[in-house]
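> Quick one: structure below, then a few questions.
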Amino acid sequence: MKKYQMLLKAAWKKQKGSICGIFFLVSVLSLCLFSSLTLYVSGRSFVKKEMNRLGFGNLTIWVSGAGEGLAEEIENVSDVEQVICQPLIYAGYEVNGAYSDNEGQLIVYDGTVPYRFLTREGKEIPTPQIEKGSVYISPAMRSVFDVEVGNTIQFELSRKDGIVSLTVAGYFADGFMGSSMIDMKSFLISGEDYAAMQEIVSHAAAVDVLGREGAMLHIFQSPESSLTALDFHRAIQEGTDVSLATEFSYRQESILNYMLLLQNILSGFLLAFSAVLFLVCIIVTGNSLSAVVEQDKRDVAVLKTLGMPGTEIRNGYLLLYGGVVLAGLFFGLLFAERIAGGMARGLVSSTGLLISVKLPLLLSLLLLAALILLFAVFLILRTGKILAVAPMETIRETAGGKQVRTLIGQRFLEWDIALRELGFGKKNYIALFVIAVFLSVFLAVIGRMGTWLGPNGEGLMNAFSVANHDLGVQPFNRDVPMDEIERVIEWYSPIQETYELAMESVTVNGQEYEANVLNDTNWFHILRGRVCDGDSILITDTVASELQLSIGDTVRVSANGRVESYRISGIYQCANGMGSNIGMSMEGYSRIGDITGYIWCYHYILENGNMRDFAMNYLQEHYRGIDVHTNSWSGLNGIVFMMHVLIVVIYLIAAVFILVSVALISGKLLRAETGNMAVYKSMGLSTQRLRLSFALRFLIVVTAGTFGGILFSAVFADGMIRRLFRSFGIGDFHAGVGIMGTLLPFIVIPVLFFLFAWAFSAKLKQVSIVTLITENDD
Amino acid sequence: MKKSKMMILAVAATLGVSVFSGCGARVEDPGEPPAEVISGKSADAENDAVQGEDSADRDRTDNGDEILADAVSVRIGRDGTDEWNIDMYHNDAVLTMLDYLSDSALLFPTYTYEEEDGFVAQSVRGNYTRDDEVTIADVKTGELYLFSGGQLRFYFKDIEGADITATPIGYYTDTEGLTEAVQKAYTSNLDDTWGVDVYFWITKILE
């Protein structure tokens, strides 16, 4: 034991820098990995529990009209255990001069559903008494409408004296509509206000009424039922008349994905980045360890000569480095919950609830064990050299090395020296090359996603919308002066193109989807096959996979009690509803739906798209009976902002990793090249020039590695991201060459390596002729 | 070491700027549109000017050169099989309407059936100018007109003294049996679940 103590003490004295560096890298890796894992697992389990607590059911269908009758009808379906009907009133609303794209859902708070009430920061408070004239909202509305306690919200129930203003009194945790990723929002109001609103809606003339009564039907699948979620939904659609009153419906899993979209994106990226950090850690640790072994060869030989077995010496090294890695991993694990908690608090205004974060113990321990095992195997392999050290041979070993023929000219002296040293010690630079490849692949991938996303989220807008547009205006009655509205839009920017879209609920082979109906089918984003006509439809990859359909198949589409057969003419992209939608032509839809109603939204493509928000605001403020929207949605800004922050954070972590990696690797290289540096110095070369030459070596190797990584990502990244995006319903991804995906990593990685190498090469100042003499003595 | 720290800071700053560059570039608020844009007066004035230039073209239309022959084909009734061709006038309203049609048959429901006044009508989408409106005393079977509120009427009977002011849209090329076909379609559709009076299948033939 004493032997090990001595060995460790000596190693710590000599390798303090390397040990601290490795500890730092492993800690960052561990923090990044376990905090993102904690956020992901906790978010999922918390929201699921919250949904169950609030009684979402396996499926919830939002219906118009009284829901009790339908609830009874659904309860008669054999696989249904229970249906809970939660009455509500649908009404459009205005907050701080902004109109919502979707109708609000006004729910009376009577204690039957155990909603939690929150502070602005998401902390739970005791249940308040909701006063007449006040309303409780989701905290996510702050990020969408900039609304605070004390602001008023105008709910539009009727054109004639039917605008009800309620004052925001506080926040509540909406477990299944609270996220800013979901446009529909619920509002908790008092029983008196609810009754007054019912009165307005029921007494308003048909031409004036804007709001309507409805309900959420929370449907619970019986435990004995063996149906999948999809088949359960289909059984209800086919076995009842609920489709005639359905506004929209969501399975528990779909809502869960919407609620956690932002957390999943964040934790997904951090988990992927952790994998890259792990590889970098392995490389740097290996490189550092081999340098230490090389450096300590003489000591090892001496110890062996004194009778200490090679295995014991190796165990000493394993103890030291294994201990550092373990300490780093546990350090990260220790703080992961706090970091995840901080992230959850930061996300309150987009998730709408404060996720209670708890480290997933079993999963974390399994992952920790796997990491320890991998590191252990790696360390054992890397310290194998120690066993091979023969004492006498090592002591007798001389400095003799291989010859490298590189002509050194005066003009590009630093460059020539760099090339010569590279040729001399190629092996020592491999680690740098590999780190550059890994980092550049990841940064290029995330950069490509940033490029695709665009500065304002255009990539997501186009992926989620049925067809590109700048502005959409949907009139709800014949009094809307569309000619005047178009003149206003034209004033803001000339209209380049216009087409019309209707979004209607249909069932395809008994499964409910949203049908995107266009009067001009050429606007659909076709991925495969061809556009649809009166006898055919388009489906997304999601629908194709859910219903096991392909191009050429025939399906039965029904709506409004009518059914028709259609052929699938192609696959198109629209990630709306996580891809649960189909595309139809106006002719095709006319066979099952009434095309003469106010279902059409006029979509405009403007010559100057930057004017869209100004035009939208003007129209929202000056016209009633219309819904105006841009190609954006409430949660988009959150995603775009988070992606941009994430890119910066990942670049910063990468920069810190590069800093530590360069510190460790440059130490080893400087030690290996000390003799040569002393020779150059003796020939009259200044330290500055040698430092430049040293940094140039890093630049050359890392540039080659970065180039390789970017080339790899150019070939494979789009395909990889496409596969990942399909799980969100985005069928296609193409980023192309861009600043963030190509140019930025290609500049940033080599430049950082170069600058850090320059900074750490300051040690060269200490190299003197004496070193040369000492080296020769060896 | 101070130098190195500065370098790191400079790199971090450059990085941040590069990543965020292009995000949220500010666009100048153009303000609100003037009253004449809202009222459409300036647009009308411009239209008048354009109208003057177009009148020569429209004369040619009146001379019969600008008729869109066999522009659309129609089947009357949801289960109707007989094809009826329609010639259409070359005017803005017709061109707007044709934009909504394709070579796939569109099932078009009409909710107004007036036996006495001899027409079937339905409001249609689209912005239509009233520049081509004319006043017509007697309406013939098979004629189609667009009224100012966006109502499209198809007359299935001769109506003398109708005195309507509307934009002529077109006419059925063959009117034999047309009245009976519409009446038959109406009576066979009385129990329609949507309350539609007469369905039409409309297909654009014109390329």
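Residue names in the structure tokens use chain letters A, B, ... in the order shown, residue numbers from 1 in each chain, and ligand numbers from 1 in the order shown.
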When the cut-off is 8 Å and we count only C-alpha atoms, which residues of chain A are near chain B, given as a PDB file with N, CA and C atoms, in the first residue's frame?

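In the end it all went to selection23.pdb:
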ATOM      1  N   PRO A 455     -32.888  32.385 -39.606  1.00  0.00           N
ATOM      2  CA  PRO A 455     -32.869  33.348 -38.502  1.00  0.00           C
ATOM      3  C   PRO A 455     -34.224  33.525 -37.835  1.00  0.00           C
ATOM      4  N   ASN A 456     -35.312  33.318 -38.577  1.00  0.00           N
ATOM      5  CA  ASN A 456     -36.645  33.485 -37.981  1.00  0.00           C
ATOM      6  C   ASN A 456     -37.433  32.183 -37.936  1.00  0.00           C
ATOM      7  N   MET A 482     -63.211  41.273 -48.132  1.00  0.00           N
ATOM      8  CA  MET A 482     -61.938  40.695 -48.553  1.00  0.00           C
ATOM      9  C   MET A 482     -61.221  41.569 -49.586  1.00  0.00           C
ATOM     10  N   ASP A 483     -62.004  42.300 -50.422  1.00  0.00           N
ATOM     11  CA  ASP A 483     -61.360  43.169 -51.413  1.00  0.00           C
ATOM     12  C   ASP A 483     -60.592  44.289 -50.713  1.00  0.00           C
ATOM     13  N   GLU A 484     -61.210  44.831 -49.642  1.00  0.00           N
ATOM     14  CA  GLU A 484     -60.559  45.891 -48.864  1.00  0.00           C
ATOM     15  C   GLU A 484     -59.317  45.335 -48.156  1.00  0.00           C
ATOM     16  N   ILE A 485     -59.471  44.150 -47.615  1.00  0.00           N
ATOM     17  CA  ILE A 485     -58.351  43.521 -46.906  1.00  0.00           C
ATOM     18  C   ILE A 485     -57.182  43.294 -47.866  1.00  0.00           C
ATOM     19  N   ARG A 487     -56.536  45.032 -50.493  1.00  0.00           N
ATOM     20  CA  ARG A 487     -55.927  46.343 -50.813  1.00  0.00           C
ATOM     21  C   ARG A 487     -54.953  46.743 -49.705  1.00  0.00           C
ATOM     22  N   VAL A 488     -55.347  46.464 -48.456  1.00  0.00           N
ATOM     23  CA  VAL A 488     -54.471  46.792 -47.322  1.00  0.00           C
ATOM     24  C   VAL A 488     -53.172  45.968 -47.410  1.00  0.00           C
ATOM     25  N   TRP A 491     -50.939  47.253 -49.964  1.00  0.00           N
ATOM     26  CA  TRP A 491     -50.279  48.506 -49.586  1.00  0.00           C
ATOM     27  C   TRP A 491     -48.984  48.201 -48.813  1.00  0.00           C
ATOM     28  N   TYR A 492     -49.045  47.180 -47.979  1.00  0.00           N
ATOM     29  CA  TYR A 492     -47.842  46.819 -47.223  1.00  0.00           C
ATOM     30  C   TYR A 492     -46.788  46.193 -48.144  1.00  0.00           C
ATOM     31  N   ASN A 519     -56.838  24.679 -53.046  1.00  0.00           N
ATOM     32  CA  ASN A 519     -57.491  24.869 -54.344  1.00  0.00           C
ATOM     33  C   ASN A 519     -56.458  24.781 -55.467  1.00  0.00           C
ATOM     34  N   ASP A 520     -55.181  24.895 -55.102  1.00  0.00           N
ATOM     35  CA  ASP A 520     -54.118  24.726 -56.095  1.00  0.00           C
ATOM     36  C   ASP A 520     -53.092  23.745 -55.519  1.00  0.00           C
ATOM     37  N   ASP A 533     -55.339  14.707 -57.223  1.00  0.00           N
ATOM     38  CA  ASP A 533     -56.416  15.334 -57.990  1.00  0.00           C
ATOM     39  C   ASP A 533     -57.744  14.962 -57.335  1.00  0.00           C
ATOM     40  N   GLY A 534     -58.817  15.022 -58.090  1.00  0.00           N
ATOM     41  CA  GLY A 534     -60.126  14.762 -57.509  1.00  0.00           C
ATOM     42  C   GLY A 534     -60.309  13.332 -57.015  1.00  0.00           C
ATOM     43  N   ASP A 535     -59.521  12.411 -57.528  1.00  0.00           N
ATOM     44  CA  ASP A 535     -59.689  11.003 -57.148  1.00  0.00           C
ATOM     45  C   ASP A 535     -58.566  10.493 -56.260  1.00  0.00           C
ATOM     46  N   MET A 586     -59.205  20.526 -53.779  1.00  0.00           N
ATOM     47  CA  MET A 586     -60.549  21.031 -53.509  1.00  0.00           C
ATOM     48  C   MET A 586     -61.585  20.107 -54.169  1.00  0.00           C
ATOM     49  N   GLU A 587     -61.241  19.595 -55.375  1.00  0.00           N
ATOM     50  CA  GLU A 587     -62.166  18.709 -56.078  1.00  0.00           C
ATOM     51  C   GLU A 587     -62.372  17.416 -55.294  1.00  0.00           C
ATOM     52  N   GLY A 588     -61.253  16.894 -54.774  1.00  0.00           N
ATOM     53  CA  GLY A 588     -61.330  15.649 -54.006  1.00  0.00           C
ATOM     54  C   GLY A 588     -62.163  15.826 -52.753  1.00  0.00           C
ATOM     55  N   SER A 590     -64.429  18.034 -52.213  1.00  0.00           N
ATOM     56  CA  SER A 590     -65.828  18.384 -52.501  1.00  0.00           C
ATOM     57  C   SER A 590     -66.726  17.148 -52.505  1.00  0.00           C
ATOM     58  N   ARG A 591     -66.135  15.969 -52.693  1.00  0.00           N
ATOM     59  CA  ARG A 591     -66.939  14.741 -52.725  1.00  0.00           C
ATOM     60  C   ARG A 591     -67.417  14.334 -51.325  1.00  0.00           C
ATOM     61  N   ASP A 594     -68.465  20.081 -47.708  1.00  0.00           N
ATOM     62  CA  ASP A 594     -69.059  21.246 -48.358  1.00  0.00           C
ATOM     63  C   ASP A 594     -67.987  22.312 -48.562  1.00  0.00           C
ATOM     64  N   ILE A 595     -67.708  22.604 -49.817  1.00  0.00           N
ATOM     65  CA  ILE A 595     -66.634  23.559 -50.106  1.00  0.00           C
ATOM     66  C   ILE A 595     -67.122  25.003 -50.130  1.00  0.00           C
ATOM     67  N   THR A 596     -68.452  25.192 -49.925  1.00  0.00           N
ATOM     68  CA  THR A 596     -68.963  26.563 -50.041  1.00  0.00           C
ATOM     69  C   THR A 596     -68.995  27.300 -48.703  1.00  0.00           C
ATOM     70  N   ASN A 610     -41.015  40.638 -45.191  1.00  0.00           N
ATOM     71  CA  ASN A 610     -40.769  41.295 -43.900  1.00  0.00           C
ATOM     72  C   ASN A 610     -41.949  42.159 -43.437  1.00  0.00           C
ATOM     73  N   PHE A 614     -46.433  43.510 -39.877  1.00  0.00           N
ATOM     74  CA  PHE A 614     -47.100  44.813 -39.847  1.00  0.00           C
ATOM     75  C   PHE A 614     -48.514  44.693 -40.420  1.00  0.00           C
ATOM     76  N   TYR A 618     -52.092  45.170 -38.356  1.00  0.00           N
ATOM     77  CA  TYR A 618     -53.091  46.139 -38.800  1.00  0.00           C
ATOM     78  C   TYR A 618     -54.451  45.447 -38.991  1.00  0.00           C
ATOM     79  N   HIS A 644     -30.735  28.824 -31.092  1.00  0.00           N
ATOM     80  CA  HIS A 644     -29.618  29.759 -31.202  1.00  0.00           C
ATOM     81  C   HIS A 644     -28.783  29.761 -29.921  1.00  0.00           C
ATOM     82  N   ILE A 647     -26.805  26.545 -29.811  1.00  0.00           N
ATOM     83  CA  ILE A 647     -25.633  26.564 -30.695  1.00  0.00           C
ATOM     84  C   ILE A 647     -24.482  27.296 -30.008  1.00  0.00           C
ATOM     85  N   VAL A 648     -24.807  28.434 -29.386  1.00  0.00           N
ATOM     86  CA  VAL A 648     -23.754  29.197 -28.704  1.00  0.00           C
ATOM     87  C   VAL A 648     -23.189  28.392 -27.527  1.00  0.00           C
ATOM     88  N   TYR A 651     -21.022  25.634 -28.775  1.00  0.00           N
ATOM     89  CA  TYR A 651     -19.739  26.185 -29.254  1.00  0.00           C
ATOM     90  C   TYR A 651     -18.846  26.553 -28.062  1.00  0.00           C
ATOM     91  N   LEU A 652     -19.482  27.106 -27.007  1.00  0.00           N
ATOM     92  CA  LEU A 652     -18.677  27.491 -25.843  1.00  0.00           C
ATOM     93  C   LEU A 652     -18.103  26.255 -25.147  1.00  0.00           C
ATOM     94  N   MET A 740     -23.305  28.645 -41.086  1.00  0.00           N
ATOM     95  CA  MET A 740     -23.257  27.973 -39.785  1.00  0.00           C
ATOM     96  C   MET A 740     -22.850  26.507 -39.878  1.00  0.00           C
ATOM     97  N   LEU A 744     -18.556  28.257 -40.479  1.00  0.00           N
ATOM     98  CA  LEU A 744     -18.279  28.567 -39.073  1.00  0.00           C
ATOM     99  C   LEU A 744     -17.402  27.500 -38.406  1.00  0.00           C
ATOM    100  N   VAL A 748     -13.831  28.335 -36.993  1.00  0.00           N
ATOM    101  CA  VAL A 748     -13.730  28.406 -35.528  1.00  0.00           C
ATOM    102  C   VAL A 748     -12.821  27.323 -34.948  1.00  0.00           C
ATOM    103  N   LEU A 752      -9.407  28.301 -33.028  1.00  0.00           N
ATOM    104  CA  LEU A 752      -9.317  28.091 -31.584  1.00  0.00           C
ATOM    105  C   LEU A 752      -8.105  27.236 -31.233  1.00  0.00           C
ATOM    106  N   LEU A 755      -4.974  29.398 -31.691  1.00  0.00           N
ATOM    107  CA  LEU A 755      -4.772  30.415 -30.648  1.00  0.00           C
ATOM    108  C   LEU A 755      -4.382  29.791 -29.315  1.00  0.00           C
ATOM    109  N   PHE A 756      -5.059  28.698 -28.958  1.00  0.00           N
ATOM    110  CA  PHE A 756      -4.742  28.058 -27.680  1.00  0.00           C
ATOM    111  C   PHE A 756      -3.328  27.452 -27.727  1.00  0.00           C
ATOM    112  N   ALA A 759      -0.983  30.146 -27.202  1.00  0.00           N
ATOM    113  CA  ALA A 759      -0.961  30.557 -25.797  1.00  0.00           C
ATOM    114  C   ALA A 759      -0.143  29.559 -24.962  1.00  0.00           C
TER     115      ALA A 759
END
> Would you list the contacts of Val26 in chain A as a VMD selection string, taking every protein, DNA or RNA residue within 9 Å and counting only C-alpha atoms, but skipping same-chain residues closer than 6 positions in sequence?
chain A and resid 277 to 278 281 324 to 329 331 to 332
> Selection from above, all heavy atoms, as a CSV table (one decimal), in the first residue's frame, can you write it?

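Below you can see again_4.csv, which holds the result:
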chain,number,residue,atom,x,y,z
A,277,LEU,N,-18.5,14.5,-26.7
A,277,LEU,CA,-17.6,14.8,-25.6
A,277,LEU,C,-16.9,13.6,-25.0
A,277,LEU,O,-15.7,13.6,-24.7
A,277,LEU,CB,-18.3,15.6,-24.5
A,277,LEU,CG,-18.9,16.9,-24.8
A,277,LEU,CD1,-19.5,17.6,-23.6
A,277,LEU,CD2,-17.8,17.9,-25.4
A,278,PHE,N,-17.6,12.5,-25.0
A,278,PHE,CA,-17.1,11.2,-24.5
A,278,PHE,C,-15.9,10.8,-25.3
A,278,PHE,O,-14.9,10.4,-24.8
A,278,PHE,CB,-18.2,10.1,-24.4
A,278,PHE,CG,-17.7,8.8,-24.1
A,278,PHE,CD1,-17.2,8.4,-22.8
A,278,PHE,CD2,-17.6,7.8,-25.1
A,278,PHE,CE1,-16.7,7.2,-22.5
A,278,PHE,CE2,-17.1,6.5,-24.8
A,278,PHE,CZ,-16.7,6.2,-23.5
A,281,CYS,N,-13.0,13.0,-24.7
A,281,CYS,CA,-12.4,12.6,-23.4
A,281,CYS,C,-11.5,11.4,-23.6
A,281,CYS,O,-10.4,11.4,-23.0
A,281,CYS,CB,-13.5,12.3,-22.4
A,281,CYS,SG,-14.1,13.7,-21.6
A,324,VAL,N,-9.4,9.6,-11.1
A,324,VAL,CA,-9.7,10.9,-11.7
A,324,VAL,C,-11.0,10.9,-12.5
A,324,VAL,O,-11.9,11.7,-12.4
A,324,VAL,CB,-8.5,11.5,-12.5
A,324,VAL,CG1,-8.9,12.7,-13.3
A,324,VAL,CG2,-7.3,11.7,-11.7
A,325,VAL,N,-11.0,9.8,-13.4
A,325,VAL,CA,-12.2,9.7,-14.2
A,325,VAL,C,-13.4,9.5,-13.4
A,325,VAL,O,-14.5,10.1,-13.6
A,325,VAL,CB,-12.0,8.5,-15.2
A,325,VAL,CG1,-13.3,8.1,-15.9
A,325,VAL,CG2,-11.0,8.8,-16.3
A,326,LEU,N,-13.3,8.6,-12.4
A,326,LEU,CA,-14.4,8.3,-11.5
A,326,LEU,C,-14.9,9.6,-10.7
A,326,LEU,O,-16.1,9.9,-10.7
A,326,LEU,CB,-14.0,7.3,-10.4
A,326,LEU,CG,-14.4,5.8,-10.7
A,326,LEU,CD1,-13.9,4.9,-9.6
A,326,LEU,CD2,-15.8,5.6,-10.9
A,327,ALA,N,-13.9,10.3,-10.2
A,327,ALA,CA,-14.2,11.6,-9.5
A,327,ALA,C,-14.9,12.5,-10.4
A,327,ALA,O,-15.9,13.1,-10.0
A,327,ALA,CB,-12.9,12.2,-9.0
A,328,GLY,N,-14.5,12.6,-11.7
A,328,GLY,CA,-15.1,13.5,-12.6
A,328,GLY,C,-16.6,13.1,-12.9
A,328,GLY,O,-17.5,13.9,-12.9
A,329,LEU,N,-16.7,11.8,-13.1
A,329,LEU,CA,-18.1,11.3,-13.4
A,329,LEU,C,-19.0,11.5,-12.2
A,329,LEU,O,-20.2,11.9,-12.4
A,329,LEU,CB,-18.0,9.8,-13.7
A,329,LEU,CG,-17.4,9.4,-15.1
A,329,LEU,CD1,-17.3,7.9,-15.2
A,329,LEU,CD2,-18.3,9.9,-16.2
A,331,PHE,N,-18.7,13.7,-9.9
A,331,PHE,CA,-18.8,15.2,-9.7
A,331,PHE,C,-20.0,15.7,-10.6
A,331,PHE,O,-20.9,16.4,-10.1
A,331,PHE,CB,-17.5,15.9,-10.1
A,331,PHE,CG,-17.6,17.4,-9.9
A,331,PHE,CD1,-17.4,18.0,-8.7
A,331,PHE,CD2,-17.9,18.2,-11.0
A,331,PHE,CE1,-17.5,19.4,-8.5
A,331,PHE,CE2,-18.0,19.6,-10.9
A,331,PHE,CZ,-17.8,20.2,-9.6
A,332,GLY,N,-20.0,15.2,-11.8
A,332,GLY,CA,-21.0,15.6,-12.8
A,332,GLY,C,-22.4,15.1,-12.3
A,332,GLY,O,-23.4,15.8,-12.3
> Would you return as a PyMOL selection string the members of range 147-196 of chain B that DSSP assigns to helix (DSSP H, G or I) on this structure's backbone?
chain B and resi 178-187
> Next, the residues of the selection above should be written as a CSV table (one decimal), in the first residue's frame with all heavy atoms.

chain,number,residue,atom,x,y,z
B,178,LEU,N,-82.6,20.9,-70.6
B,178,LEU,CA,-81.9,21.5,-69.4
B,178,LEU,C,-82.8,21.7,-68.2
B,178,LEU,O,-82.5,21.4,-67.1
B,178,LEU,CB,-81.2,22.8,-69.9
B,178,LEU,CG,-80.1,23.4,-68.9
B,178,LEU,CD1,-79.0,22.4,-68.7
B,178,LEU,CD2,-79.6,24.7,-69.5
B,179,THR,N,-83.9,22.3,-68.5
B,179,THR,CA,-84.9,22.6,-67.4
B,179,THR,C,-85.3,21.4,-66.7
B,179,THR,O,-85.3,21.3,-65.5
B,179,THR,CB,-86.2,23.3,-68.0
B,179,THR,OG1,-85.7,24.4,-68.9
B,179,THR,CG2,-87.1,23.8,-67.0
B,180,GLU,N,-85.6,20.4,-67.4
B,180,GLU,CA,-86.1,19.1,-66.8
B,180,GLU,C,-84.9,18.5,-66.0
B,180,GLU,O,-85.2,17.9,-64.9
B,180,GLU,CB,-86.5,18.1,-67.9
B,180,GLU,CG,-87.8,18.5,-68.7
B,180,GLU,CD,-87.5,19.6,-69.7
B,180,GLU,OE1,-86.4,19.8,-70.1
B,180,GLU,OE2,-88.5,20.4,-70.0
B,181,ALA,N,-83.7,18.6,-66.5
B,181,ALA,CA,-82.6,18.0,-65.8
B,181,ALA,C,-82.4,18.6,-64.4
B,181,ALA,O,-82.1,18.0,-63.4
B,181,ALA,CB,-81.3,18.1,-66.7
B,182,VAL,N,-82.5,20.0,-64.4
B,182,VAL,CA,-82.4,20.7,-63.1
B,182,VAL,C,-83.5,20.3,-62.2
B,182,VAL,O,-83.3,20.0,-61.0
B,182,VAL,CB,-82.3,22.2,-63.3
B,182,VAL,CG1,-82.3,23.0,-62.0
B,182,VAL,CG2,-81.1,22.6,-64.2
B,183,GLN,N,-84.7,20.3,-62.7
B,183,GLN,CA,-85.9,20.0,-61.9
B,183,GLN,C,-85.8,18.5,-61.3
B,183,GLN,O,-86.1,18.3,-60.1
B,183,GLN,CB,-87.2,20.1,-62.7
B,183,GLN,CG,-87.5,21.6,-62.8
B,183,GLN,CD,-88.6,21.8,-63.9
B,183,GLN,OE1,-88.8,21.0,-64.8
B,183,GLN,NE2,-89.3,23.0,-63.8
B,184,LYS,N,-85.3,17.6,-62.2
B,184,LYS,CA,-85.1,16.2,-61.7
B,184,LYS,C,-84.1,16.1,-60.6
B,184,LYS,O,-84.3,15.4,-59.6
B,184,LYS,CB,-84.7,15.4,-62.9
B,184,LYS,CG,-84.8,13.9,-62.7
B,184,LYS,CD,-84.3,13.2,-63.9
B,184,LYS,CE,-83.8,11.8,-63.5
B,184,LYS,NZ,-83.0,11.2,-64.5
B,185,ALA,N,-83.0,16.9,-60.8
B,185,ALA,CA,-81.9,16.9,-59.9
B,185,ALA,C,-82.4,17.4,-58.5
B,185,ALA,O,-82.0,16.9,-57.5
B,185,ALA,CB,-80.7,17.7,-60.4
B,186,TYR,N,-83.2,18.4,-58.6
B,186,TYR,CA,-83.7,19.1,-57.4
B,186,TYR,C,-84.6,18.1,-56.6
B,186,TYR,O,-84.5,17.9,-55.4
B,186,TYR,CB,-84.5,20.4,-57.7
B,186,TYR,CG,-85.2,21.0,-56.5
B,186,TYR,CD1,-84.5,21.6,-55.5
B,186,TYR,CD2,-86.6,20.9,-56.5
B,186,TYR,CE1,-85.2,22.1,-54.4
B,186,TYR,CE2,-87.3,21.4,-55.4
B,186,TYR,CZ,-86.6,22.0,-54.3
B,186,TYR,OH,-87.3,22.5,-53.3
B,187,THR,N,-85.6,17.5,-57.3
B,187,THR,CA,-86.5,16.6,-56.6
B,187,THR,C,-85.8,15.3,-56.1
B,187,THR,O,-86.2,14.8,-55.0
B,187,THR,CB,-87.7,16.2,-57.6
B,187,THR,OG1,-87.1,15.7,-58.8
B,187,THR,CG2,-88.6,17.3,-57.8
> Can you pull out every residue within 12 Å of Gly459 in chain A, counting only C-alpha atoms, but drop anything in the same chain fewer than 2 positions away, and send it as an MDAnalysis selection string?
chainID A and resid 448:457 461:465 468 574:575 631:632 636 639:640 730 732:735
> Convert the current residue selection to file output with C-alpha atoms, as a PDB file, in the first residue's frame.

ATOM      1  CA  ARG A 448     -26.693  22.695 -40.697  1.00  0.00           C
ATOM      2  CA  MET A 449     -29.767  22.488 -38.517  1.00  0.00           C
ATOM      3  CA  GLY A 450     -29.321  26.161 -37.658  1.00  0.00           C
ATOM      4  CA  THR A 451     -29.016  27.034 -41.348  1.00  0.00           C
ATOM      5  CA  TRP A 452     -32.136  25.030 -42.166  1.00  0.00           C
ATOM      6  CA  LEU A 453     -33.990  26.650 -39.267  1.00  0.00           C
ATOM      7  CA  GLY A 454     -33.108  30.140 -40.537  1.00  0.00           C
ATOM      8  CA  PRO A 455     -32.869  33.348 -38.502  1.00  0.00           C
ATOM      9  CA  ASN A 456     -36.645  33.485 -37.981  1.00  0.00           C
ATOM     10  CA  GLY A 457     -37.421  29.778 -38.051  1.00  0.00           C
ATOM     11  CA  MET A 461     -42.375  27.208 -40.632  1.00  0.00           C
ATOM     12  CA  ASN A 462     -42.210  25.586 -44.043  1.00  0.00           C
ATOM     13  CA  ALA A 463     -41.951  22.081 -42.612  1.00  0.00           C
ATOM     14  CA  PHE A 464     -44.965  22.589 -40.363  1.00  0.00           C
ATOM     15  CA  SER A 465     -47.123  24.530 -42.802  1.00  0.00           C
ATOM     16  CA  ASN A 468     -45.348  28.322 -48.063  1.00  0.00           C
ATOM     17  CA  CYS A 574     -46.373  18.763 -43.495  1.00  0.00           C
ATOM     18  CA  ALA A 575     -45.258  18.260 -39.906  1.00  0.00           C
ATOM     19  CA  ASN A 631     -46.476  31.254 -41.346  1.00  0.00           C
ATOM     20  CA  SER A 632     -45.366  31.188 -37.721  1.00  0.00           C
ATOM     21  CA  LEU A 636     -41.768  28.828 -32.942  1.00  0.00           C
ATOM     22  CA  ILE A 639     -37.659  26.914 -30.536  1.00  0.00           C
ATOM     23  CA  VAL A 640     -35.678  29.369 -32.647  1.00  0.00           C
ATOM     24  CA  ILE A 730     -40.797  16.363 -40.732  1.00  0.00           C
ATOM     25  CA  ASP A 732     -37.527  16.071 -45.524  1.00  0.00           C
ATOM     26  CA  PHE A 733     -34.385  17.921 -44.565  1.00  0.00           C
ATOM     27  CA  HIS A 734     -31.889  19.635 -46.782  1.00  0.00           C
ATOM     28  CA  ALA A 735     -29.540  22.318 -45.481  1.00  0.00           C
TER      29      ALA A 735
END
> To test your reading of the structure, identify every residue in range 384-618 of chain A that backbone DSSP assigns to strand (DSSP E), and report it as a ChimeraX atom specification.
/A:471-475,495-508,511-518,526-529,536-539,554-559,562-572,581-585,600-606
> Need the shell around Glu213 in chain A: protein/DNA/RNA residues with any atom at most 10 Å away, counting only C-alpha atoms. Skip same-chain ones fewer than 6 positions apart. Format as a tab-separated table (two decimals) with C-alpha atoms, in the first residue's frame?

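Full text of out07.tsv as output:
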chain	number	residue	atom	x	y	z
A	63	VAL	CA	-66.21	18.33	-29.43
A	64	SER	CA	-68.63	21.14	-30.16
A	65	GLY	CA	-72.06	21.11	-28.54
A	66	ALA	CA	-73.01	19.31	-25.39
A	67	GLY	CA	-70.73	16.35	-24.84
A	87	PRO	CA	-67.60	21.22	-20.49
A	88	LEU	CA	-66.02	24.34	-21.96
A	89	ILE	CA	-66.73	27.35	-24.15
A	90	TYR	CA	-64.68	28.03	-27.28
A	91	ALA	CA	-64.02	31.71	-27.93
A	105	GLN	CA	-61.11	27.13	-24.13
A	106	LEU	CA	-62.90	28.63	-21.13
A	197	MET	CA	-70.93	33.43	-21.27
A	198	GLN	CA	-73.29	30.49	-21.81
A	201	VAL	CA	-73.68	32.25	-26.72
A	202	SER	CA	-77.14	30.71	-26.47
